[in-house]
$ cat input21.tsv   # TSV, N, CA and C atoms
chain	number	residue	atom	x	y	z
A	1	MET	N	49.82	2.40	-27.89
A	1	MET	CA	49.28	2.90	-26.65
A	1	MET	C	49.23	1.73	-25.66
A	2	PRO	N	49.73	1.94	-24.46
A	2	PRO	CA	49.72	0.85	-23.48
A	2	PRO	C	48.28	0.44	-23.12
A	3	ARG	N	48.13	-0.79	-22.72
A	3	ARG	CA	46.82	-1.35	-22.42
A	3	ARG	C	46.11	-0.59	-21.30
A	4	VAL	N	46.79	-0.21	-20.25
A	4	VAL	CA	46.19	0.50	-19.12
A	4	VAL	C	45.63	1.84	-19.57
A	5	LEU	N	46.34	2.53	-20.46
A	5	LEU	CA	45.89	3.82	-20.97
A	5	LEU	C	44.61	3.66	-21.79
A	6	ARG	N	44.54	2.60	-22.62
A	6	ARG	CA	43.33	2.35	-23.40
A	6	ARG	C	42.14	2.06	-22.50
A	7	ILE	N	42.36	1.31	-21.45
A	7	ILE	CA	41.28	1.01	-20.50
A	7	ILE	C	40.82	2.29	-19.83
A	8	ALA	N	41.74	3.15	-19.39
A	8	ALA	CA	41.40	4.40	-18.73
A	8	ALA	C	40.62	5.32	-19.68
A	9	VAL	N	41.03	5.40	-20.93
A	9	VAL	CA	40.33	6.24	-21.91
A	9	VAL	C	38.92	5.69	-22.16
A	10	SER	N	38.79	4.38	-22.30
A	10	SER	CA	37.47	3.77	-22.50
A	10	SER	C	36.56	4.04	-21.31
A	11	PHE	N	37.10	3.90	-20.12
A	11	PHE	CA	36.32	4.16	-18.91
A	11	PHE	C	35.87	5.62	-18.87
A	12	ALA	N	36.75	6.54	-19.20
A	12	ALA	CA	36.42	7.96	-19.20
A	12	ALA	C	35.31	8.26	-20.21
A	13	ILE	N	35.39	7.66	-21.39
A	13	ILE	CA	34.37	7.87	-22.42
A	13	ILE	C	33.01	7.36	-21.93
A	14	VAL	N	32.96	6.19	-21.32
A	14	VAL	CA	31.72	5.62	-20.81
A	14	VAL	C	31.18	6.51	-19.69
A	15	LEU	N	32.06	7.00	-18.82
A	15	LEU	CA	31.64	7.86	-17.71
A	15	LEU	C	31.05	9.17	-18.23
A	16	VAL	N	31.66	9.79	-19.22
A	16	VAL	CA	31.15	11.03	-19.81
A	16	VAL	C	29.80	10.77	-20.49
A	17	ALA	N	29.67	9.64	-21.20
A	17	ALA	CA	28.41	9.31	-21.85
A	17	ALA	C	27.31	9.11	-20.81
A	18	TYR	N	27.63	8.45	-19.70
A	18	TYR	CA	26.64	8.23	-18.64
A	18	TYR	C	26.18	9.56	-18.06
A	19	TRP	N	27.13	10.44	-17.73
A	19	TRP	CA	26.76	11.73	-17.12
A	19	TRP	C	25.96	12.58	-18.09
A	20	ALA	N	26.29	12.55	-19.38
A	20	ALA	CA	25.51	13.29	-20.37
A	20	ALA	C	24.08	12.75	-20.43
A	21	TYR	N	23.94	11.44	-20.41
A	21	TYR	CA	22.61	10.82	-20.41
A	21	TYR	C	21.84	11.23	-19.15
A	22	ALA	N	22.49	11.15	-17.99
A	22	ALA	CA	21.82	11.46	-16.72
A	22	ALA	C	21.40	12.92	-16.65
A	23	LEU	N	22.20	13.82	-17.19
A	23	LEU	CA	21.91	15.25	-17.09
A	23	LEU	C	20.96	15.75	-18.18
A	24	VAL	N	20.97	15.12	-19.36
A	24	VAL	CA	20.17	15.62	-20.47
A	24	VAL	C	18.94	14.75	-20.72
A	25	ALA	N	19.13	13.46	-20.91
A	25	ALA	CA	18.02	12.60	-21.34
A	25	ALA	C	17.05	12.26	-20.21
A	26	VAL	N	17.56	11.96	-19.04
A	26	VAL	CA	16.68	11.52	-17.94
A	26	VAL	C	15.64	12.59	-17.58
A	27	PRO	N	16.00	13.87	-17.42
A	27	PRO	CA	14.96	14.86	-17.12
A	27	PRO	C	13.90	14.99	-18.22
A	28	LEU	N	14.26	14.72	-19.45
A	28	LEU	CA	13.28	14.78	-20.54
A	28	LEU	C	12.37	13.56	-20.56
A	29	ILE	N	12.91	12.41	-20.22
A	29	ILE	CA	12.15	11.16	-20.27
A	29	ILE	C	11.31	10.98	-19.01
A	30	GLU	N	11.90	11.22	-17.87
A	30	GLU	CA	11.25	10.95	-16.59
A	30	GLU	C	11.05	12.25	-15.82
A	31	PRO	N	9.86	12.82	-15.86
A	31	PRO	CA	9.65	14.08	-15.14
A	31	PRO	C	9.71	13.86	-13.63
A	32	GLN	N	10.08	14.90	-12.91
A	32	GLN	CA	10.20	14.83	-11.47
A	32	GLN	C	8.82	14.69	-10.83
A	33	ALA	N	8.73	13.84	-9.83
A	33	ALA	CA	7.49	13.68	-9.07
A	33	ALA	C	7.48	14.72	-7.96
A	34	ASP	N	6.33	15.32	-7.77
A	34	ASP	CA	6.18	16.30	-6.70
A	34	ASP	C	5.51	15.61	-5.52
A	35	PRO	N	6.27	15.30	-4.45
A	35	PRO	CA	5.68	14.57	-3.33
A	35	PRO	C	4.66	15.39	-2.55
A	36	HIS	N	4.65	16.70	-2.72
A	36	HIS	CA	3.74	17.56	-1.97
A	36	HIS	C	2.48	17.93	-2.77
A	37	ARG	N	2.41	17.42	-3.99
A	37	ARG	CA	1.25	17.72	-4.81
A	37	ARG	C	0.05	16.91	-4.32
A	38	ALA	N	-1.00	17.59	-4.02
A	38	ALA	CA	-2.20	16.93	-3.54
A	38	ALA	C	-3.32	17.15	-4.54
A	39	GLU	N	-3.93	16.07	-4.95
A	39	GLU	CA	-5.06	16.18	-5.86
A	39	GLU	C	-6.34	16.18	-5.06
A	40	ARG	N	-7.26	16.97	-5.47
A	40	ARG	CA	-8.55	17.03	-4.79
A	40	ARG	C	-9.36	15.80	-5.16
A	41	ILE	N	-9.98	15.22	-4.18
A	41	ILE	CA	-10.84	14.07	-4.40
A	41	ILE	C	-12.28	14.58	-4.43
A	42	SER	N	-12.99	14.17	-5.46
A	42	SER	CA	-14.37	14.65	-5.60
A	42	SER	C	-15.25	14.08	-4.49
A	43	VAL	N	-16.34	14.75	-4.24
A	43	VAL	CA	-17.29	14.30	-3.22
A	43	VAL	C	-17.86	12.93	-3.59
A	44	LEU	N	-18.08	12.70	-4.88
A	44	LEU	CA	-18.59	11.39	-5.31
A	44	LEU	C	-17.59	10.28	-5.01
A	45	ASP	N	-16.31	10.54	-5.24
A	45	ASP	CA	-15.29	9.55	-4.94
A	45	ASP	C	-15.20	9.29	-3.43
A	46	GLN	N	-15.32	10.35	-2.63
A	46	GLN	CA	-15.30	10.18	-1.17
A	46	GLN	C	-16.48	9.34	-0.71
A	47	GLU	N	-17.66	9.62	-1.27
A	47	GLU	CA	-18.85	8.87	-0.88
A	47	GLU	C	-18.74	7.41	-1.32
A	48	ALA	N	-18.19	7.16	-2.51
A	48	ALA	CA	-18.02	5.78	-2.98
A	48	ALA	C	-17.05	5.03	-2.09
A	49	ALA	N	-15.97	5.68	-1.68
A	49	ALA	CA	-15.00	5.04	-0.79
A	49	ALA	C	-15.62	4.73	0.56
A	50	GLN	N	-16.43	5.64	1.08
A	50	GLN	CA	-17.10	5.41	2.36
A	50	GLN	C	-18.09	4.26	2.27
A	51	ARG	N	-18.82	4.15	1.13
A	51	ARG	CA	-19.74	3.03	0.94
A	51	ARG	C	-19.00	1.70	0.91
A	52	GLN	N	-17.85	1.68	0.23
A	52	GLN	CA	-17.04	0.46	0.19
A	52	GLN	C	-16.58	0.06	1.59
A	53	LEU	N	-16.12	1.04	2.36
A	53	LEU	CA	-15.70	0.76	3.73
A	53	LEU	C	-16.86	0.26	4.57
A	54	ASP	N	-18.03	0.88	4.42
A	54	ASP	CA	-19.21	0.45	5.17
A	54	ASP	C	-19.57	-1.00	4.85
A	55	LEU	N	-19.46	-1.38	3.58
A	55	LEU	CA	-19.75	-2.77	3.19
A	55	LEU	C	-18.75	-3.73	3.82
A	56	ARG	N	-17.49	-3.36	3.83
A	56	ARG	CA	-16.46	-4.23	4.43
A	56	ARG	C	-16.65	-4.36	5.93
A	57	VAL	N	-16.99	-3.25	6.60
A	57	VAL	CA	-17.23	-3.29	8.04
A	57	VAL	C	-18.49	-4.10	8.33
A	58	GLU	N	-19.51	-3.95	7.52
A	58	GLU	CA	-20.76	-4.71	7.70
A	58	GLU	C	-20.49	-6.21	7.67
A	59	ALA	N	-19.59	-6.65	6.80
A	59	ALA	CA	-19.26	-8.07	6.69
A	59	ALA	C	-18.57	-8.59	7.96
A	60	LEU	N	-17.99	-7.69	8.75
A	60	LEU	CA	-17.26	-8.09	9.97
A	60	LEU	C	-18.11	-8.00	11.23
A	61	LYS	N	-19.34	-7.50	11.12
A	61	LYS	CA	-20.15	-7.23	12.32
A	61	LYS	C	-20.37	-8.45	13.20
A	62	GLY	N	-20.51	-9.64	12.63
A	62	GLY	CA	-20.74	-10.83	13.44
A	62	GLY	C	-19.52	-11.29	14.21
A	63	LEU	N	-18.35	-10.74	13.89
A	63	LEU	CA	-17.11	-11.20	14.53
A	63	LEU	C	-16.72	-10.40	15.77
A	64	PHE	N	-17.29	-9.20	15.94
A	64	PHE	CA	-16.86	-8.32	17.01
A	64	PHE	C	-18.07	-7.80	17.79
A	65	PRO	N	-17.87	-7.43	19.06
A	65	PRO	CA	-18.97	-6.81	19.81
A	65	PRO	C	-19.38	-5.49	19.16
A	66	ALA	N	-20.58	-5.03	19.46
A	66	ALA	CA	-21.13	-3.83	18.81
A	66	ALA	C	-20.29	-2.58	19.07
A	67	ASP	N	-19.61	-2.50	20.21
A	67	ASP	CA	-18.84	-1.30	20.54
A	67	ASP	C	-17.35	-1.44	20.23
A	68	ALA	N	-16.96	-2.47	19.48
A	68	ALA	CA	-15.55	-2.71	19.18
A	68	ALA	C	-14.99	-1.64	18.24
A	69	TRP	N	-13.72	-1.32	18.42
A	69	TRP	CA	-13.08	-0.31	17.56
A	69	TRP	C	-13.01	-0.80	16.12
A	70	GLU	N	-12.98	-2.11	15.91
A	70	GLU	CA	-12.89	-2.67	14.55
A	70	GLU	C	-14.10	-2.28	13.69
A	71	LEU	N	-15.20	-1.91	14.32
A	71	LEU	CA	-16.41	-1.54	13.58
A	71	LEU	C	-16.58	-0.03	13.46
A	72	LYS	N	-15.60	0.74	13.94
A	72	LYS	CA	-15.70	2.20	13.92
A	72	LYS	C	-14.65	2.80	12.98
A	73	ASN	N	-14.90	2.71	11.70
A	73	ASN	CA	-14.06	3.33	10.67
A	73	ASN	C	-12.60	2.88	10.72
A	74	PRO	N	-12.33	1.57	10.65
A	74	PRO	CA	-10.93	1.10	10.67
A	74	PRO	C	-10.28	1.25	9.29
A	75	LYS	N	-8.97	1.20	9.28
A	75	LYS	CA	-8.23	1.08	8.02
A	75	LYS	C	-8.10	-0.42	7.77
A	76	ILE	N	-8.50	-0.86	6.59
A	76	ILE	CA	-8.52	-2.30	6.29
A	76	ILE	C	-7.60	-2.59	5.11
A	77	LEU	N	-6.69	-3.53	5.31
A	77	LEU	CA	-5.86	-4.05	4.24
A	77	LEU	C	-6.30	-5.49	4.00
A	78	GLU	N	-6.61	-5.83	2.75
A	78	GLU	CA	-7.10	-7.16	2.44
A	78	GLU	C	-6.22	-7.82	1.40
A	79	THR	N	-6.02	-9.12	1.57
A	79	THR	CA	-5.36	-9.91	0.56
A	79	THR	C	-5.87	-11.34	0.68
A	80	GLY	N	-6.48	-11.83	-0.36
A	80	GLY	CA	-7.00	-13.19	-0.33
A	80	GLY	C	-7.99	-13.37	0.82
A	81	ARG	N	-7.65	-14.26	1.73
A	81	ARG	CA	-8.52	-14.58	2.86
A	81	ARG	C	-8.14	-13.81	4.12
A	82	VAL	N	-7.15	-12.95	4.07
A	82	VAL	CA	-6.66	-12.26	5.27
A	82	VAL	C	-7.08	-10.79	5.24
A	83	LYS	N	-7.58	-10.32	6.39
A	83	LYS	CA	-7.91	-8.89	6.55
A	83	LYS	C	-7.13	-8.38	7.75
A	84	LEU	N	-6.46	-7.26	7.57
A	84	LEU	CA	-5.73	-6.62	8.64
A	84	LEU	C	-6.43	-5.31	8.94
A	85	LEU	N	-6.87	-5.13	10.19
A	85	LEU	CA	-7.59	-3.93	10.61
A	85	LEU	C	-6.74	-3.16	11.59
A	86	THR	N	-6.68	-1.85	11.42
A	86	THR	CA	-5.95	-1.00	12.35
A	86	THR	C	-6.63	0.37	12.41
A	87	GLN	N	-6.43	1.06	13.53
A	87	GLN	CA	-6.98	2.41	13.65
A	87	GLN	C	-5.99	3.42	13.11
A	88	GLU	N	-4.73	3.25	13.43
A	88	GLU	CA	-3.71	4.18	12.95
A	88	GLU	C	-2.40	3.45	12.76
A	89	TYR	N	-1.53	4.05	11.97
A	89	TYR	CA	-0.21	3.47	11.75
A	89	TYR	C	0.82	4.58	11.68
A	90	ARG	N	2.05	4.23	12.02
A	90	ARG	CA	3.17	5.17	11.92
A	90	ARG	C	4.30	4.50	11.18
A	91	ASN	N	4.91	5.23	10.27
A	91	ASN	CA	6.06	4.74	9.55
A	91	ASN	C	7.29	4.95	10.44
A	92	LEU	N	7.94	3.87	10.83
A	92	LEU	CA	9.12	3.94	11.69
A	92	LEU	C	10.41	4.02	10.89
A	93	GLY	N	10.31	3.94	9.58
A	93	GLY	CA	11.51	3.97	8.75
A	93	GLY	C	12.12	2.58	8.65
A	94	GLY	N	12.98	2.40	7.70
A	94	GLY	CA	13.64	1.11	7.54
A	94	GLY	C	12.68	0.00	7.16
A	95	GLY	N	11.55	0.36	6.52
A	95	GLY	CA	10.59	-0.65	6.10
A	95	GLY	C	9.72	-1.18	7.23
A	96	ARG	N	9.65	-0.47	8.35
A	96	ARG	CA	8.86	-0.93	9.50
A	96	ARG	C	7.68	0.00	9.74
A	97	LEU	N	6.57	-0.59	10.17
A	97	LEU	CA	5.36	0.16	10.52
A	97	LEU	C	4.94	-0.21	11.94
A	98	GLU	N	4.35	0.75	12.62
A	98	GLU	CA	3.75	0.48	13.91
A	98	GLU	C	2.24	0.61	13.72
A	99	LEU	N	1.51	-0.47	14.01
A	99	LEU	CA	0.07	-0.51	13.86
A	99	LEU	C	-0.56	-0.54	15.25
A	100	LEU	N	-1.37	0.46	15.55
A	100	LEU	CA	-1.98	0.55	16.87
A	100	LEU	C	-3.46	0.83	16.75
A	101	PRO	N	-4.32	0.11	17.36
A	101	PRO	CA	-4.24	-1.32	17.61
A	101	PRO	C	-4.34	-2.08	16.30
A	102	CYS	N	-4.19	-3.38	16.36
A	102	CYS	CA	-4.18	-4.18	15.14
A	102	CYS	C	-4.94	-5.48	15.37
A	103	THR	N	-5.76	-5.86	14.41
A	103	THR	CA	-6.48	-7.12	14.44
A	103	THR	C	-6.32	-7.79	13.09
A	104	ILE	N	-6.01	-9.07	13.10
A	104	ILE	CA	-5.89	-9.85	11.87
A	104	ILE	C	-7.03	-10.85	11.85
A	105	VAL	N	-7.77	-10.88	10.74
A	105	VAL	CA	-8.89	-11.80	10.58
A	105	VAL	C	-8.56	-12.72	9.41
A	106	LEU	N	-8.55	-14.02	9.69
A	106	LEU	CA	-8.36	-15.02	8.64
A	106	LEU	C	-9.73	-15.55	8.26
A	107	MET	N	-10.15	-15.23	7.06
A	107	MET	CA	-11.48	-15.62	6.59
A	107	MET	C	-11.46	-17.09	6.18
A	108	PRO	N	-12.59	-17.80	6.40
A	108	PRO	CA	-12.65	-19.21	6.02
A	108	PRO	C	-12.66	-19.38	4.51
A	109	ASP	N	-12.38	-20.59	4.11
A	109	ASP	CA	-12.36	-20.94	2.69
A	109	ASP	C	-13.74	-20.74	2.08
A	110	GLU	N	-13.78	-20.25	0.86
A	110	GLU	CA	-15.05	-19.99	0.16
A	110	GLU	C	-15.77	-21.28	-0.24
A	111	SER	N	-15.11	-22.44	-0.08
A	111	SER	CA	-15.76	-23.69	-0.46
A	111	SER	C	-16.92	-24.03	0.48
A	112	VAL	N	-16.91	-23.45	1.69
A	112	VAL	CA	-18.02	-23.65	2.61
A	112	VAL	C	-19.16	-22.73	2.17
A	113	VAL	N	-20.27	-23.31	1.77
A	113	VAL	CA	-21.35	-22.54	1.17
A	113	VAL	C	-22.18	-21.81	2.23
A	114	ASP	N	-22.41	-22.45	3.35
A	114	ASP	CA	-23.27	-21.87	4.38
A	114	ASP	C	-22.57	-20.69	5.05
A	115	ARG	N	-23.19	-19.52	5.02
A	115	ARG	CA	-22.59	-18.29	5.57
A	115	ARG	C	-22.38	-18.41	7.07
A	116	LYS	N	-23.36	-18.96	7.79
A	116	LYS	CA	-23.25	-19.10	9.23
A	116	LYS	C	-22.07	-20.00	9.62
A	117	GLN	N	-21.89	-21.08	8.88
A	117	GLN	CA	-20.78	-21.98	9.18
A	117	GLN	C	-19.44	-21.30	8.89
A	118	ARG	N	-19.38	-20.52	7.81
A	118	ARG	CA	-18.14	-19.77	7.52
A	118	ARG	C	-17.82	-18.82	8.65
A	119	GLU	N	-18.83	-18.13	9.19
A	119	GLU	CA	-18.59	-17.20	10.29
A	119	GLU	C	-18.12	-17.92	11.55
A	120	ARG	N	-18.66	-19.13	11.79
A	120	ARG	CA	-18.22	-19.90	12.96
A	120	ARG	C	-16.76	-20.32	12.80
A	121	GLN	N	-16.37	-20.66	11.58
A	121	GLN	CA	-14.99	-21.08	11.35
A	121	GLN	C	-14.05	-19.93	11.58

$ encode --input "input21.tsv" --output "C-alpha cells"
Amino acid sequence: MPRVLRIAVSFAIVLVAYWAYALVAVPLIEPQADPHRAERISVLDQEAAQRQLDLRVEALKGLFPADAWELKNPKILETGRVKLLTQEYRNLGGGRLELLPCTIVLMPDESVVDRKQRERQ
C-alpha cells in the first residue's frame, strides 16, 4: 500500500474516532449548561449579601461626601488593596466592559496600624 494511502486511512480512522467521541461520550460526560436557568436566592442569602455590601460601603464613608453615588449601593469589585466601584456596567463584547460611573480606590498598606493615618494615605 502506498505511503499516502496509509496516511489517508490513518487520518480517516482518527477523524471517525473523534466524531464518535464527540457525539457519544461528550454528552454523557459533560451535561449541557442552561444559560437561562435561574436559581432562586433565599431571603437569608439576600440579607447576608446586603449586610456584606453595607459593611464594605461603611468602610468607604470617610473617603466620599455623604451624598456621593459611591455610598448608594454600588457594585464593588475587590482585589488585594484595590477596590473598583461602579453603578452599572455594560458588556460591549470582545472582552470589553463599559463602567458608568467608575471610581478606583487604592487602599493603603496594612502595615500602617493607625486607622486614621491609613485613611489619610

$ closest_atom_pairs --input "input21.tsv" --of "stretch 12-62 of chain A" --to "stretch 70-82 of chain A" --cutoff "10 Å" --atoms "only C-alpha atoms" --output "Markdown table"
| residue | atom | partner | partner_atom | distance |
| --- | --- | --- | --- | --- |
| A:Gln50 | CA | A:Asn73 | CA | 9.1 |
| A:Leu53 | CA | A:Asn73 | CA | 7.6 |
| A:Asp54 | CA | A:Asn73 | CA | 8.1 |
| A:Arg56 | CA | A:Ile76 | CA | 8.4 |
| A:Val57 | CA | A:Leu71 | CA | 5.9 |
| A:Glu58 | CA | A:Leu71 | CA | 8.0 |
| A:Ala59 | CA | A:Leu71 | CA | 9.9 |
| A:Leu60 | CA | A:Leu71 | CA | 7.5 |
| A:Lys61 | CA | A:Leu71 | CA | 6.9 |

$ atom_distance --input "input21.tsv" --atom1 "atom C of A:Glu47" --atom2 "atom CA of A:Pro65"
25.5 Å

$ atom_distance --input "input21.tsv" --atom1 "atom CA of A:Lys116" --atom2 "atom CA of A:Leu63"
11.3 Å

$ residues_near_point --input "input21.tsv" --point "(-9.5, -4.7, 17.4)" --cutoff "8 Å" --atoms "all atoms listed in the file" --output "ChimeraX atom specification"
/A:68-71,85-87,101-104

$ select_by_dssp --input "input21.tsv" --residues "chain A" --states "strand (DSSP E or B)" --output "PyMOL selection string"
chain A and resi 75-79+82-93+96-106

$ select_by_dssp --input "input21.tsv" --residues "chain A" --states "alpha helix (DSSP H)" --output "PyMOL selection string"
chain A and resi 3-20+26-29+43-60+115-120

$ atom_distance --input "input21.tsv" --atom1 "atom C of A:Tyr89" --atom2 "atom C of A:Arg37"
20.2 Å
